[in-house]
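Source file: work06.txt; contents: compact mmCIF, C-alpha atoms.
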```txt
# COMPACT_ATOMS: atom_id res chain seq x y z
CA MET A 1 141.39 109.83 112.01
CA THR A 2 137.85 110.02 110.66
CA ALA A 3 135.82 109.13 113.75
CA PHE A 4 135.51 111.82 116.45
CA ALA A 5 134.43 109.35 119.17
CA ARG A 6 134.90 105.64 119.77
CA HIS A 7 133.84 102.77 122.05
CA GLY A 8 130.16 103.45 121.37
CA SER A 9 127.34 101.09 122.26
CA GLU A 10 124.22 100.16 120.32
CA LYS A 11 122.52 103.46 119.39
CA MET A 12 125.68 105.41 120.21
CA ILE A 13 123.98 108.17 118.22
CA TYR A 14 120.28 107.73 118.97
CA ASP A 15 117.48 107.31 116.42
CA VAL A 16 114.86 109.89 115.48
CA ARG A 17 112.85 109.51 118.70
CA MET A 18 115.43 111.30 120.85
CA GLY A 19 117.36 114.53 120.56
CA PRO A 20 118.98 116.90 120.08
CA ILE A 21 122.13 114.84 119.68
CA ALA A 22 124.27 117.68 118.31
CA VAL A 23 123.72 121.44 118.75
CA ALA A 24 125.64 124.28 117.11
CA HIS A 25 126.13 127.61 118.87
CA GLU A 26 128.43 130.32 117.53
CA ASP A 27 131.71 128.58 116.66
CA LYS A 28 131.11 125.35 118.61
CA ILE A 29 129.18 122.11 118.02
CA TYR A 30 128.17 120.21 121.16
CA VAL A 31 127.55 116.48 120.77
CA ALA A 32 126.08 113.89 123.17
CA TYR A 33 126.61 110.15 122.76
CA GLN A 34 126.88 106.94 124.80
CA ALA A 35 130.10 104.94 125.03
CA ASN A 36 132.50 103.17 127.37
CA PRO A 37 136.05 101.97 126.58
CA ALA A 38 135.59 99.27 129.22
CA GLY A 39 132.35 97.95 127.75
CA GLY A 40 129.71 96.78 130.19
CA LYS A 41 127.41 99.80 130.48
CA ALA A 42 127.39 102.76 128.11
CA LEU A 43 127.98 106.13 129.78
CA PRO A 44 126.79 109.58 128.66
CA HIS A 45 129.53 111.62 127.02
CA VAL A 46 129.75 115.19 125.72
CA ILE A 47 132.33 116.32 123.20
CA VAL A 48 132.78 119.71 121.48
CA TYR A 49 133.99 120.62 118.01
CA ASP A 50 135.70 124.01 117.74
CA GLN A 51 134.98 125.21 114.20
CA ARG A 52 137.62 127.93 114.33
CA ALA A 53 140.41 125.70 115.61
CA ARG A 54 139.06 122.76 113.57
CA GLN A 55 139.57 120.32 116.39
CA TRP A 56 137.63 118.23 118.87
CA SER A 57 137.85 118.58 122.63
CA PRO A 58 138.58 115.56 124.82
CA PRO A 59 135.32 113.72 125.61
CA VAL A 60 133.75 114.27 129.03
CA VAL A 61 131.69 111.70 130.95
CA VAL A 62 128.83 113.63 132.56
CA GLY A 63 127.28 110.92 134.74
CA ASP A 64 126.78 107.27 135.57
CA VAL A 65 124.05 104.79 134.68
CA SER A 66 122.67 101.89 136.69
CA ARG A 67 123.13 99.17 134.07
CA TYR A 68 123.43 98.54 130.34
CA ASP A 69 120.40 99.96 128.54
CA HIS A 70 120.71 101.71 125.20
CA HIS A 71 117.64 103.81 126.10
CA TYR A 72 119.85 105.60 128.64
CA GLY A 73 121.56 107.54 125.88
CA PRO A 74 121.90 111.32 126.36
CA ILE A 75 120.38 114.34 124.67
CA LEU A 76 121.59 117.92 125.16
CA TRP A 77 120.55 121.54 124.66
CA LEU A 78 121.62 125.09 125.55
CA ASP A 79 119.18 127.24 127.54
CA SER A 80 118.68 131.01 127.19
CA HIS A 81 121.73 131.61 129.41
CA LYS A 82 123.76 129.21 127.24
CA ARG A 83 124.27 126.71 130.02
CA ILE A 84 124.46 123.19 128.63
CA HIS A 85 121.85 120.65 129.78
CA VAL A 86 122.24 116.89 129.39
CA LEU A 87 119.32 114.53 130.01
CA PHE A 88 119.93 110.77 130.14
CA HIS A 89 119.01 107.51 131.92
CA CYS A 90 115.39 107.80 130.74
CA HIS A 91 113.46 104.56 130.41
CA GLY A 92 110.09 104.90 132.09
CA ARG A 93 110.75 103.98 135.70
CA PRO A 94 109.70 106.58 138.28
CA HIS A 95 112.38 109.17 139.11
CA GLU A 96 114.85 107.38 136.83
CA SER A 97 115.91 110.20 134.51
CA LYS A 98 119.10 112.11 135.26
CA HIS A 99 119.65 115.78 134.41
CA VAL A 100 122.95 117.63 134.66
CA VAL A 101 123.74 121.27 133.85
CA SER A 102 127.07 122.93 133.12
CA LYS A 103 128.19 125.25 135.90
CA ARG A 104 129.27 127.86 133.37
CA PRO A 105 127.81 128.86 130.00
CA ARG A 106 129.21 126.97 127.00
CA SER A 107 131.59 125.03 129.25
CA THR A 108 131.87 121.26 129.66
CA ASP A 109 134.47 121.42 132.44
CA GLU A 110 132.18 121.27 135.49
CA TRP A 111 128.64 119.97 135.95
CA GLU A 112 125.98 120.05 138.64
CA GLU A 113 122.81 118.10 139.16
CA GLY A 114 119.74 119.70 137.59
CA PRO A 115 116.14 119.42 138.80
CA GLU A 116 113.99 116.47 137.81
CA ILE A 117 111.89 117.48 134.81
CA ALA A 118 109.28 114.69 134.93
CA THR A 119 108.56 111.69 137.14
CA HIS A 120 108.37 109.22 134.23
CA MET A 121 110.13 109.76 130.93
CA THR A 122 111.25 107.72 127.91
CA TYR A 123 112.48 108.93 124.50
CA PRO A 124 112.84 112.63 125.34
CA ARG A 125 112.89 114.87 122.27
CA LEU A 126 113.44 118.60 122.73
CA VAL A 127 112.63 121.13 120.00
CA LYS A 128 113.01 124.91 119.94
CA PHE A 129 110.67 127.59 118.60
CA GLY A 130 113.24 130.37 118.56
CA GLU A 131 115.89 131.18 121.14
CA ASP A 132 113.73 130.88 124.26
CA ARG A 133 110.59 128.80 123.61
CA ALA A 134 111.26 125.08 123.97
CA LEU A 135 109.12 121.95 124.09
CA LEU A 136 110.11 118.57 125.52
CA TYR A 137 108.11 115.64 124.13
CA TYR A 138 108.29 112.13 125.61
CA ARG A 139 106.48 108.93 126.57
CA VAL A 140 105.19 108.33 130.08
CA PHE A 141 105.50 104.78 131.51
CA GLY A 142 106.42 101.78 129.33
CA HIS A 143 105.38 100.37 125.96
CA MET A 144 101.69 100.88 126.76
CA GLY A 145 102.17 104.37 128.13
CA TYR A 146 101.08 107.68 126.64
CA TRP A 147 102.88 110.63 125.02
CA THR A 148 102.91 114.13 126.46
CA TYR A 149 105.00 117.30 126.57
CA GLN A 150 106.25 120.18 128.70
CA THR A 151 107.12 123.72 127.66
CA SER A 152 109.79 126.23 128.62
CA GLN A 153 110.10 130.00 128.11
CA ASP A 154 113.81 130.22 128.93
CA GLY A 155 115.31 127.79 126.44
CA GLY A 156 114.91 124.74 128.66
CA ALA A 157 116.28 126.08 131.95
CA THR A 158 112.91 125.63 133.69
CA TRP A 159 109.81 123.72 132.65
CA SER A 160 106.04 123.82 132.97
CA ALA A 161 104.09 120.94 134.45
CA PRO A 162 103.38 118.11 131.97
CA ALA A 163 100.42 118.64 129.64
CA GLY A 164 97.73 116.00 129.43
CA PRO A 165 98.21 112.89 127.30
CA ILE A 166 98.37 113.53 123.55
CA GLU A 167 97.98 109.92 122.45
CA ASP A 168 97.18 106.70 124.33
CA PHE A 169 96.34 103.89 121.91
CA ASP A 170 95.01 101.41 124.47
CA GLN A 171 92.69 103.98 126.08
CA ALA A 172 88.95 103.04 125.84
CA PRO A 173 89.46 99.88 123.75
CA THR A 174 86.72 98.97 121.28
CA ILE A 175 88.19 95.75 119.87
CA GLY A 176 90.24 93.06 121.57
CA SER A 177 93.57 94.02 120.03
CA ASP A 178 93.24 97.58 121.37
CA VAL A 179 94.28 96.44 124.84
CA TRP A 180 97.70 95.59 123.30
CA ALA A 181 97.93 98.73 121.15
CA GLY A 182 100.71 101.27 121.63
CA ALA A 183 102.51 103.82 119.45
CA TYR A 184 105.95 105.27 118.80
CA HIS A 185 106.43 108.91 117.82
CA SER A 186 108.79 111.30 116.08
CA ILE A 187 108.28 115.08 115.93
CA GLN A 188 109.36 118.18 114.05
CA PRO A 189 108.69 121.86 114.88
CA GLY A 190 106.78 123.87 112.31
CA ARG A 191 108.00 126.98 110.53
CA ASP A 192 105.24 129.12 112.06
CA GLY A 193 106.77 129.15 115.54
CA ARG A 194 103.89 127.29 117.18
CA THR A 195 102.97 124.03 115.39
CA LEU A 196 104.40 120.67 116.42
CA HIS A 197 104.15 118.01 113.71
CA ILE A 198 103.84 114.45 115.01
CA GLY A 199 104.42 111.30 112.95
CA PHE A 200 103.75 107.99 114.65
CA VAL A 201 103.34 104.26 114.08
CA TYR A 202 101.24 101.53 115.69
CA TRP A 203 102.97 99.17 118.13
CA ASP A 204 101.56 95.66 118.69
CA GLU A 205 102.51 94.82 122.27
CA SER A 206 101.05 91.31 121.91
CA ARG A 207 103.70 90.52 119.25
CA ALA A 208 100.97 88.59 117.47
CA ARG A 209 101.93 86.20 114.69
CA ASN A 210 102.16 88.15 111.47
CA PRO A 211 100.17 86.57 108.59
CA LEU A 212 102.88 87.58 106.11
CA TYR A 213 106.01 86.74 108.06
CA GLY A 214 105.00 84.36 110.86
CA GLY A 215 106.67 84.81 114.24
CA MET A 216 108.76 87.95 114.57
CA ARG A 217 111.33 89.62 116.77
CA GLY A 218 109.50 91.92 119.19
CA SER A 219 111.37 95.10 118.26
CA ILE A 220 109.91 95.19 114.73
CA CYS A 221 106.19 94.83 115.49
CA ARG A 222 105.24 98.28 114.18
CA TYR A 223 102.66 99.11 111.52
CA HIS A 224 101.04 101.97 109.54
CA LEU A 225 101.81 105.69 109.57
CA TYR A 226 99.80 108.40 111.36
CA TYR A 227 100.05 112.17 111.55
CA LEU A 228 98.90 114.84 114.02
CA ARG A 229 99.41 118.58 114.52
CA LEU A 230 99.65 120.21 117.93
CA ASP A 231 99.20 123.96 118.36
CA THR A 232 101.68 124.50 121.18
CA LEU A 233 100.12 127.85 122.16
CA THR A 234 96.53 126.63 122.53
CA GLY A 235 96.94 122.87 123.01
CA LYS A 236 94.59 122.23 120.07
CA LEU A 237 95.19 118.89 118.35
CA THR A 238 94.15 118.29 114.73
CA ASN A 239 94.61 115.77 111.94
CA ALA A 240 95.87 116.58 108.45
CA ASP A 241 92.36 117.67 107.37
CA GLY A 242 92.14 120.19 110.20
CA GLN A 243 89.61 118.12 112.12
CA GLU A 244 90.00 118.65 115.85
CA MET A 245 90.98 115.53 117.79
CA THR A 246 90.08 114.92 121.42
CA PRO A 247 93.16 113.90 123.40
CA PRO A 248 94.25 111.38 124.28
CA VAL A 249 93.92 109.99 120.78
CA ASN A 250 93.28 106.25 121.07
CA ARG A 251 93.68 103.54 118.44
CA GLU A 252 90.13 103.95 117.12
CA GLN A 253 90.27 107.75 116.90
CA ALA A 254 93.66 107.54 115.20
CA GLU A 255 92.00 106.05 112.14
CA ARG A 256 91.22 109.67 111.22
CA CYS A 257 94.95 110.44 111.47
CA LYS A 258 96.17 107.59 109.29
CA ALA A 259 98.44 108.61 106.45
CA TRP A 260 99.12 105.06 105.28
CA ASP A 261 97.50 101.76 106.23
CA THR A 262 100.27 99.26 105.53
CA GLY A 263 98.20 96.21 106.46
CA HIS A 264 100.54 93.54 107.79
CA ARG A 265 103.66 95.19 106.39
CA LEU A 266 106.00 96.65 108.98
CA THR A 267 107.03 100.28 109.46
CA ASN A 268 108.95 102.47 111.87
CA MET A 269 108.99 106.09 113.04
CA PRO A 270 109.39 108.58 110.18
CA SER A 271 111.90 111.33 109.73
CA ILE A 272 110.03 114.57 109.01
CA HIS A 273 110.63 117.74 107.02
CA ILE A 274 108.17 120.64 107.16
CA GLU A 275 107.52 122.50 103.93
CA ARG A 276 106.94 126.25 103.63
CA ASP A 277 103.17 125.72 103.66
CA GLU A 278 103.46 123.75 106.94
CA SER A 279 102.76 120.43 105.19
CA PRO A 280 104.90 117.41 106.14
CA ALA A 281 107.21 115.28 104.04
CA MET A 282 107.94 112.03 105.87
CA ILE A 283 110.46 109.28 105.09
CA LEU A 284 110.03 105.78 106.51
CA PRO A 285 110.94 102.18 105.66
CA VAL A 286 108.19 99.65 104.92
CA SER A 287 108.72 95.88 104.71
CA GLU A 288 108.02 93.84 101.57
CA GLU A 289 108.60 90.11 100.99
CA SER A 290 110.21 89.72 104.41
CA PRO A 291 110.98 91.88 107.43
CA TRP A 292 114.55 92.11 106.08
CA ARG A 293 113.57 93.31 102.64
CA CYS A 294 112.19 96.82 102.95
CA ARG A 295 111.92 100.00 100.96
CA PHE A 296 112.09 103.65 101.98
CA HIS A 297 109.07 105.68 100.94
CA CYS A 298 108.40 109.41 100.92
CA VAL A 299 104.90 110.29 102.15
CA ARG A 300 103.70 113.85 101.49
CA ARG A 301 100.52 115.84 101.84
CA GLN A 302 99.66 117.11 98.36
CA ASN A 303 96.45 118.93 97.43
CA GLY A 304 94.65 117.67 100.52
CA GLN A 305 95.64 114.03 99.95
CA TRP A 306 98.40 111.73 101.15
CA GLU A 307 100.74 110.74 98.32
CA ARG A 308 103.65 108.36 98.57
CA ALA A 309 106.56 107.35 96.37
CA PRO A 310 109.27 104.67 96.72
CA VAL A 311 112.86 105.80 97.12
CA VAL A 312 115.28 102.88 97.56
CA GLU A 313 115.41 99.35 99.01
CA THR A 314 116.99 98.59 102.38
CA ASN A 315 117.31 95.65 104.76
CA HIS A 316 115.55 96.56 108.02
CA THR A 317 112.72 98.70 109.38
CA TRP A 318 115.26 100.16 111.83
CA ALA A 319 117.26 101.68 108.96
CA GLY A 320 117.56 105.37 109.87
CA SER A 321 116.93 108.48 107.79
CA CYS A 322 116.76 112.27 107.85
CA VAL A 323 115.24 114.63 105.30
CA THR A 324 115.31 118.34 104.41
CA ARG A 325 115.43 120.68 101.41
CA ASP A 326 118.76 121.96 100.18
CA PRO A 327 119.34 125.70 99.56
CA GLN A 328 118.21 125.23 95.95
CA GLY A 329 114.87 123.86 97.14
CA THR A 330 115.39 120.19 96.31
CA LEU A 331 114.06 117.59 98.74
CA ARG A 332 117.11 115.73 100.04
CA ALA A 333 117.28 112.57 102.18
CA PHE A 334 120.11 110.69 103.87
CA LEU A 335 119.17 107.02 104.15
CA VAL A 336 120.71 103.88 105.65
CA VAL A 337 120.74 101.42 102.78
CA GLY A 338 121.63 97.93 103.93
CA ALA A 339 122.78 95.02 101.80
CA VAL A 340 123.68 92.50 104.52
CA ASP A 341 121.10 90.11 105.95
CA GLY A 342 118.94 92.29 108.19
CA GLU A 343 118.10 89.33 110.41
CA THR A 344 121.63 89.51 111.84
CA LEU A 345 120.99 93.08 113.01
CA SER A 346 119.06 94.14 116.10
CA TYR A 347 118.43 97.75 114.99
CA GLY A 348 119.49 97.92 111.36
CA GLY A 349 122.71 98.97 109.69
CA GLY A 350 124.14 99.66 106.25
CA GLU A 351 125.76 102.44 104.26
CA ILE A 352 124.65 106.08 104.32
CA GLU A 353 123.35 107.21 100.93
CA GLU A 354 122.15 110.62 99.80
CA TRP A 355 119.08 110.70 97.56
CA ARG A 356 117.33 113.71 96.02
CA MET A 357 113.88 114.12 94.56
CA ASN A 358 113.73 114.91 90.86
CA GLY A 359 112.03 118.31 90.76
CA GLU A 360 108.79 118.03 92.69
CA GLY A 361 108.76 114.28 92.32
CA PRO A 362 107.66 111.72 92.76
CA ASP A 363 110.88 110.05 91.52
CA TRP A 364 114.13 110.11 93.48
CA ALA A 365 117.73 109.82 92.27
CA PHE A 366 120.87 108.53 93.95
CA VAL A 367 123.51 111.21 94.63
CA ARG A 368 126.35 109.71 96.66
CA ARG A 369 127.41 107.08 99.15
CA ILE A 370 128.89 108.25 102.48
CA VAL A 371 131.18 105.55 103.87
CA PRO A 372 133.95 106.88 106.14
CA GLU A 373 135.53 103.49 106.83
CA PRO A 374 135.26 100.28 104.79
CA ASP A 375 133.85 97.06 106.25
CA CYS A 376 131.61 98.95 108.67
CA LEU A 377 127.88 99.29 109.10
CA TYR A 378 126.25 102.66 109.89
CA ASN A 379 122.96 103.96 111.24
CA ASN A 380 120.96 106.88 112.62
CA PRO A 381 121.98 109.85 110.44
CA ARG A 382 120.93 113.07 112.19
CA PHE A 383 121.33 116.74 111.33
CA VAL A 384 123.18 119.09 113.66
CA GLU A 385 120.59 121.45 115.18
CA THR A 386 120.80 125.10 116.17
CA THR A 387 119.94 126.75 119.47
CA GLU A 388 117.01 128.49 117.72
CA GLY A 389 115.40 125.25 116.53
CA GLY A 390 116.70 124.98 112.99
CA ILE A 391 119.11 122.51 111.43
CA LEU A 392 122.42 122.70 109.61
CA PRO A 393 121.45 120.77 106.47
CA ASN A 394 125.05 120.09 105.45
CA ASP A 395 126.18 118.83 108.89
CA LEU A 396 125.36 115.14 109.27
CA ILE A 397 126.16 113.09 112.36
CA PHE A 398 125.88 109.29 112.54
CA TYR A 399 127.56 106.25 114.00
CA GLY A 400 129.01 102.99 112.72
CA TRP A 401 130.75 99.81 113.78
CA PRO A 402 132.92 97.11 112.14
CA GLY A 403 131.54 93.78 111.05
CA GLN A 404 128.32 92.40 109.58
CA ALA A 405 126.24 92.13 112.78
CA SER A 406 125.10 94.39 115.60
CA ILE A 407 127.44 95.87 118.18
CA GLN A 408 128.05 93.20 120.80
CA ARG A 409 125.80 93.76 123.78
CA THR A 410 127.10 92.79 127.20
CA ASP A 411 125.77 93.31 130.72
CA VAL A 412 129.11 92.76 132.44
CA VAL A 413 132.33 94.70 132.25
CA VAL A 414 134.62 93.32 129.57
CA GLU A 415 138.12 94.14 128.46
CA PRO A 416 138.75 97.53 126.81
CA GLY A 417 137.33 97.69 123.33
CA GLY A 418 134.14 95.83 124.24
CA PHE A 419 132.02 98.46 122.49
CA THR A 420 133.09 99.06 118.89
CA GLY A 421 130.90 102.00 117.86
CA LYS A 422 132.39 105.06 116.17
CA ALA A 423 130.77 108.47 115.65
CA PHE A 424 131.26 110.66 112.58
CA LEU A 425 130.46 114.25 111.60
CA TRP A 426 130.24 114.84 107.85
CA ARG A 427 130.11 118.29 106.27
CA ASN A 428 130.15 118.99 102.55
CA GLU A 429 131.91 115.74 101.64
CA GLN A 430 134.46 116.03 104.45
CA PHE A 431 134.68 114.47 107.89
CA LEU A 432 135.42 116.85 110.74
```

Here is the file; what I need is its structure written in the form of structure tokens.
Amino acid sequence: MTAFARHGSEKMIYDVRMGPIAVAHEDKIYVAYQANPAGGKALPHVIVYDQRARQWSPPVVVGDVSRYDHHYGPILWLDSHKRIHVLFHCHGRPHESKHVVSKRPRSTDEWEEGPEIATHMTYPRLVKFGEDRALLYYRVFGHMGYWTYQTSQDGGATWSAPAGPIEDFDQAPTIGSDVWAGAYHSIQPGRDGRTLHIGFVYWDESRARNPLYGGMRGSICRYHLYYLRLDTLTGKLTNADGQEMTPPVNREQAERCKAWDTGHRLTNMPSIHIERDESPAMILPVSEESPWRCRFHCVRRQNGQWERAPVVETNHTWAGSCVTRDPQGTLRAFLVVGAVDGETLSYGGGEIEEWRMNGEGPDWAFVRRIVPEPDCLYNNPRFVETTEGGILPNDLIFYGWPGQASIQRTDVVVEPGGFTGKAFLWRNEQFL
């Protein structure tokens, strides 16, 4: 059996905004996902792969949720004492997030309630700077909220108070559309042990009519690509040119952070790889003739300038990706390449393909297609992370579902099998 988990909901394995989804420690890989054999509402699960025994543990449900909401999906991490933390049920309402901690290190058998980390939280993304230093990045409030972070010195067992807002697009509006301006972020820790790299896109809360495409589904109203650096030791915020930015960065100030003005073409949050010189390589889809005809692009900082190159066509701005360099130094991306009509999909879907840059680019070449089961769609490829903040570049986790449309959403309990998602872990051309 190829899939290690079943009965997953939409975003069973979450997109680049949230994580970690899978963490490796010693001979185990701990994975968090959302599923429910009964359908209705997706529950947070944890499952463990034993690399020595080459087998998966039974899945464990670690808590309940109030209703169906794919934003309630879990993330997990191990603190300095190797207790497992799971954070879920995060979607902006006050005191809504839920936090549970394993009673024993490295054990999923018993759990206890953990302290509330923040009053408001959506899209939590935890990164590590070594074994003990951790940073939790998230959005406060709803679509028009701001992004902030908290830090930990014990691997995420305890947390500082929230820092001030990093970005707040609708703050101090200077033109009419600014009052409807928001942003969505993805992050990656730097190699220097202190820099946080932030890629983000503009969100149009007004869902204004697009001059290229006309009326649009609200979930795709994202534009442009921006980039910021945060010094996590000093709190200093700079753009790619090293110019200091005054937080919170609003829509007008973010013009100095813009890596790509896509005009009326649509984008979505980038996956990010950090090079040895601390420069970013970002992968994101950008729409073309229609919202359902898009192309992945690689955007890099080269010789003080932003350069971009096309990679491959896909069918939706919600097509997922992840990017790194292989041990030989080649830039390597795993991309969701969709051929079905993207308009039938809420959050994208296609086949996972591996692409590699030819030398130092800009051209890319197809390597392989990763399709564990025929007649399924897949999305949200993510690397397995380590407890020190690195990744396992050959361990890829993602989810899929049968059919040519999105996973059926339902707000009431249905018969078993109501959620059809399946999760997969791929390593060196094999499924674990």

Quick one: residues within 6 Å of Lys128 (chain A), only C-alpha atoms counted, chain neighbours fewer than 3 positions away excluded, as a compact mmCIF listing (two decimals) with C-alpha atoms, in the frame of the given file?
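Result saved to out-v1.txt:
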```txt
# COMPACT_ATOMS: atom_id res chain seq x y z
CA ARG A 133 110.59 128.80 123.61
CA ALA A 134 111.26 125.08 123.97
CA GLU A 388 117.01 128.49 117.72
CA GLY A 389 115.40 125.25 116.53
```

Expected residue set, 9 Å radius at (114.7, 109.9, 112.8), all atoms listed in the file, as a list in words: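 Within the cut-off we find Tyr14, Asp15, Val16, Arg17, Met18, Ser186, Ile187, Met269, Pro270, Ser271, Ile272, Ile283, Leu284, Gly320, Ser321, Cys322, Val323, Asn380, Pro381 and Arg382 of chain A.
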
Contacts of Asp154 (chain A) within 7 Å, all atoms listed in the file, excl. fewer than 5 positions in-chain, as a PyMOL selection string: chain A and resi 79-80+132-133

One-decimal distance in Å that lies between CA of Gly350 (chain A) and CA of Glu313 (chain A): 11.3 Å

d(CA of Ser57 (chain A), CA of Asp395 (chain A)) in Å: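 These two atoms are separated by 18.0 Å.
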
Computed interatomic separation between CA of Tyr33 (chain A) and CA of His45 (chain A) (Å): 5.4 Å

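Considering the residues A:Trp77, A:Tyr202, A:Tyr347, A:Tyr223 and counting all atoms listed in the file, His99 (chain A) has its shortest atom-to-atom contact with A:Trp77.
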
Pick from A:Glu116, A:Glu360, A:Glu278, A:Glu10, whichever lies nearest to Cys298 (chain A) using only C-alpha atoms: A:Glu360

Counting only C-alpha atoms, the residue of A:Leu196, A:Ile407, A:Val100, A:Ile391 that sits nearest Gly8 (chain A):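 Once distances to Gly8 (chain A) are computed over only C-alpha atoms, the minimum belongs to A:Ile407.
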
With all atoms of region 317-320 of chain A from the file as input, state the centre and edge lengths in Å to one decimal of the axis-aligned box that has 6 Å extra on each side, as lines of an AutoDock Vina configuration file.
```
center_x = 115.1
center_y = 102.0
center_z = 110.4
size_x = 16.8
size_y = 18.7
size_z = 14.9
```

Neighbour residues at most 12 Å from (130.4, 103.9, 111.7) (all atoms listed in the file) as a ChimeraX atom specification: /A:2-13,336,349-352,370-381,397-404,406-407,420-426

A:His185, A:Arg256, A:His224, A:Arg295 ranked by distance to Tyr123 (chain A), top pick (using all atoms listed in the file): A:His185

Identify, on the basis of only C-alpha atoms, every residue whose closest approach to region 140-149 of chain A does not exceed 8 Å; exclude the query and any residue fewer than 6 positions from it along the same chain; express the result as a PDB file with C-alpha atoms, in the coordinates of the input.
```pdb
ATOM      1  CA  HIS A  91     113.460 104.560 130.410  1.00  0.00           C
ATOM      2  CA  GLY A  92     110.090 104.900 132.090  1.00  0.00           C
ATOM      3  CA  ARG A  93     110.750 103.980 135.700  1.00  0.00           C
ATOM      4  CA  HIS A 120     108.370 109.220 134.230  1.00  0.00           C
ATOM      5  CA  MET A 121     110.130 109.760 130.930  1.00  0.00           C
ATOM      6  CA  THR A 122     111.250 107.720 127.910  1.00  0.00           C
ATOM      7  CA  PRO A 162     103.380 118.110 131.970  1.00  0.00           C
ATOM      8  CA  ALA A 163     100.420 118.640 129.640  1.00  0.00           C
ATOM      9  CA  GLY A 164      97.730 116.000 129.430  1.00  0.00           C
ATOM     10  CA  PRO A 165      98.210 112.890 127.300  1.00  0.00           C
ATOM     11  CA  ILE A 166      98.370 113.530 123.550  1.00  0.00           C
ATOM     12  CA  GLU A 167      97.980 109.920 122.450  1.00  0.00           C
ATOM     13  CA  ASP A 168      97.180 106.700 124.330  1.00  0.00           C
ATOM     14  CA  PHE A 169      96.340 103.890 121.910  1.00  0.00           C
ATOM     15  CA  ASP A 170      95.010 101.410 124.470  1.00  0.00           C
ATOM     16  CA  TRP A 180      97.700  95.590 123.300  1.00  0.00           C
ATOM     17  CA  ALA A 181      97.930  98.730 121.150  1.00  0.00           C
ATOM     18  CA  GLY A 182     100.710 101.270 121.630  1.00  0.00           C
ATOM     19  CA  ALA A 183     102.510 103.820 119.450  1.00  0.00           C
ATOM     20  CA  GLU A 205     102.510  94.820 122.270  1.00  0.00           C
TER      21      GLU A 205
END
```

Selected residue of minimal separation from Met357 (chain A) among A:Ala281, A:Leu237, A:Ile175, A:Leu392, counting all atoms listed in the file: A:Ala281

Nearest candidate to Glu289 (chain A) (options A:His264, A:Arg301, A:Arg209, A:Arg104; using only C-alpha atoms):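 Closest residue, counting only C-alpha atoms: A:His264.
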